[in-house]
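*Asks:* Sharing a structure below in structure tokens format, with a few things to ask.
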Amino acid sequence: MNPIDILIVSLIAFIVFYYAYLRYKEEKYKEEKMLIPTLESYKNKFLEEKQQFLKKSEDLKQKLLQLKEELENLKKNFNSYPWTQSQIDYLKSMKGSELEYFLTQSFEMLGFTLIDPPIYKDHHIDTIIKYEDEKKVEYFAVDFVDFTEIKKIDDKYIKELLKGKDKYGCQKVLIITNGYFSENQKERFIKSDINFFELEQIVKFLPSLNFFYRYDELKSKYYACEILHKETFDEVIRRDHWLEEVEEKLLQAIEKQKN
């Protein structure tokens, strides 16, 4: 490449780079000139969004209060949902986790505190029920047994339950089934100071299936609304954080423009 060619290439490169520099300066100037209006636009946008989320959060809060009131009123009208024969027949057919879920939720509906053992079905214990009144606090080691599992309960099974009772510091053991224990099993329970519920006691003391389903439906709505309320209020907090950042940058831009 001769000197003339080198000069031409260098000149072209200079022109290109100089043009690029001018474009950069122009864009930088436009950006600085538009910075304050852009920041103000963001500020207004975030303020508007914050108000929208605040309103939504307040509406959800009112919805939560409404659902809570419905749950409390439902509890007060416990007797308005009696057991029917078809419900009892369905209860008799429940197995495994379905029965366990119904019984667990039913005790919670009645106001008992339930504590899950750290090890699943440790010593046959499904849950621990905390019973409390003005005079005492007691803990029941509870075993849920569906009608197909009743035959498994023998002396060895009972010894395991009693070990679990001692391990978790419970005062009593409660075995609940949707079937019926044999007379021999009942004698073993009485001898070992074990309390038990059969189908008839469940129907007598626990809420009916219609009540259970209605309560469970309302509770699910309450929890879903509670989560949505938290997420919505998180958006309010997020907008507050963004507004702080925008206002800080806006002050800096105004100060820079003055100088």
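We label chains A, B, ... in the order they appear in the structure tokens, count residues from 1 in each chain, and number ligands from 1 in the order shown.
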So that I can check the surroundings of A:Leu103, please list as an MDAnalysis selection string every protein, DNA and RNA residue that reaches within 12 Å of it, counting only C-alpha atoms and ignoring chain neighbours fewer than 6 positions away.
*Replies:* chainID A and resid 91 94:97 109:110 112 114 126:127 129 142:146 175:178 197 199 202:203 205:209 212
*Asks:* If you run DSSP on the backbone here, which positions in stretch 35-161 of chain A get alpha helix (DSSP H)? Please write them as a ChimeraX atom specification.
*Replies:* /A:35-76,85-93,96-109,155-161
*Asks:* Work out how far apart atom CA of A:Tyr215 and atom CA of A:Glu198 are and give it in Å to one decimal.
*Replies:*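 Result for atom CA of A:Tyr215 versus atom CA of A:Glu198: 23.2 Å, one decimal.
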*Asks:* Would you kindly return, as a list of chain:residue names, each protein, DNA or RNA residue with an atom no farther than 10 Å from any atom of A:Glu160, considering only C-alpha atoms and excluding same-chain residues fewer than 5 positions away?
*Replies:*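 What passes the distance filter is A:Asp122, A:His123, A:His124, A:Ile125, A:Asp155, A:Lys165.
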*Asks:* Could you tell me how far atom CA of A:Asp154 sits from atom CA of A:Phe181, in Å to one decimal place?
*Replies:*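 Computing it gives 11.2 Å between the two atoms.
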*Asks:* Atom CA of A:Phe78 to atom CA of A:Phe211: how many Å, to one decimal?
*Replies:*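 For atom CA of A:Phe78 relative to atom CA of A:Phe211, the distance reads 7.2 Å.
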*Asks:* Could you check which of A:Asp240, A:Asp234, A:Tyr222, A:Ile119 is closest to A:Gln62, using only C-alpha atoms?
*Replies:*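 Once distances to A:Gln62 are computed over only C-alpha atoms, the minimum belongs to A:Tyr222.
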*Asks:* What lies within 12 Å of A:Gly169 using only C-alpha atoms, ignoring chain neighbours under 3 positions off, as a list in words?
*Replies:*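 Answer for this query is Pro117, Ile128, Ile129, Lys130, Val137, Glu138, Tyr139, Phe140, Ala141, Leu162, Lys163, Gly164, Lys165, Asp166, Lys172 and Val173 of chain A.
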*Asks:* Compile the contact shell of A:Leu47 as a list in words: residues with an atom at most 8 Å away, counting only C-alpha atoms, same-chain residues fewer than 3 positions apart removed.
*Replies:*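 Once the adjacent positions are removed, what remains is Lys43, Asn44, Lys50, Gln51, Arg239 and Leu243 of chain A.
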*Asks:* May I ask which of the residues A:Lys55, A:Ala224, A:Cys170, A:Trp83 is the closest one to A:Ile194, counting only C-alpha atoms?
*Replies:*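 The shortest atom-to-atom distance to A:Ile194 comes from A:Cys170.
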*Asks:* Any idea what's packed within 12 Å of A:Glu245, counting only C-alpha atoms, ignoring anything in its chain fewer than 3 positions away? Could you give it as a list in words?
*Replies:*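 Final neighbour list, sorted by chain and number: Leu39, Glu40, Tyr42, Lys43, Phe46, Arg238, Arg239, Asp240, His241, Trp242, Glu248, Lys249, Leu250, Leu251 and Gln252 of chain A.
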*Asks:* So, with only C-alpha atoms as the atoms that count, which of A:Ser220, A:Thr232, A:Asn210, A:Gln257 lies closest to A:Asn79?
*Replies:*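 Nearest candidate to A:Asn79 out of A:Ser220, A:Thr232, A:Asn210, A:Gln257: A:Asn210.
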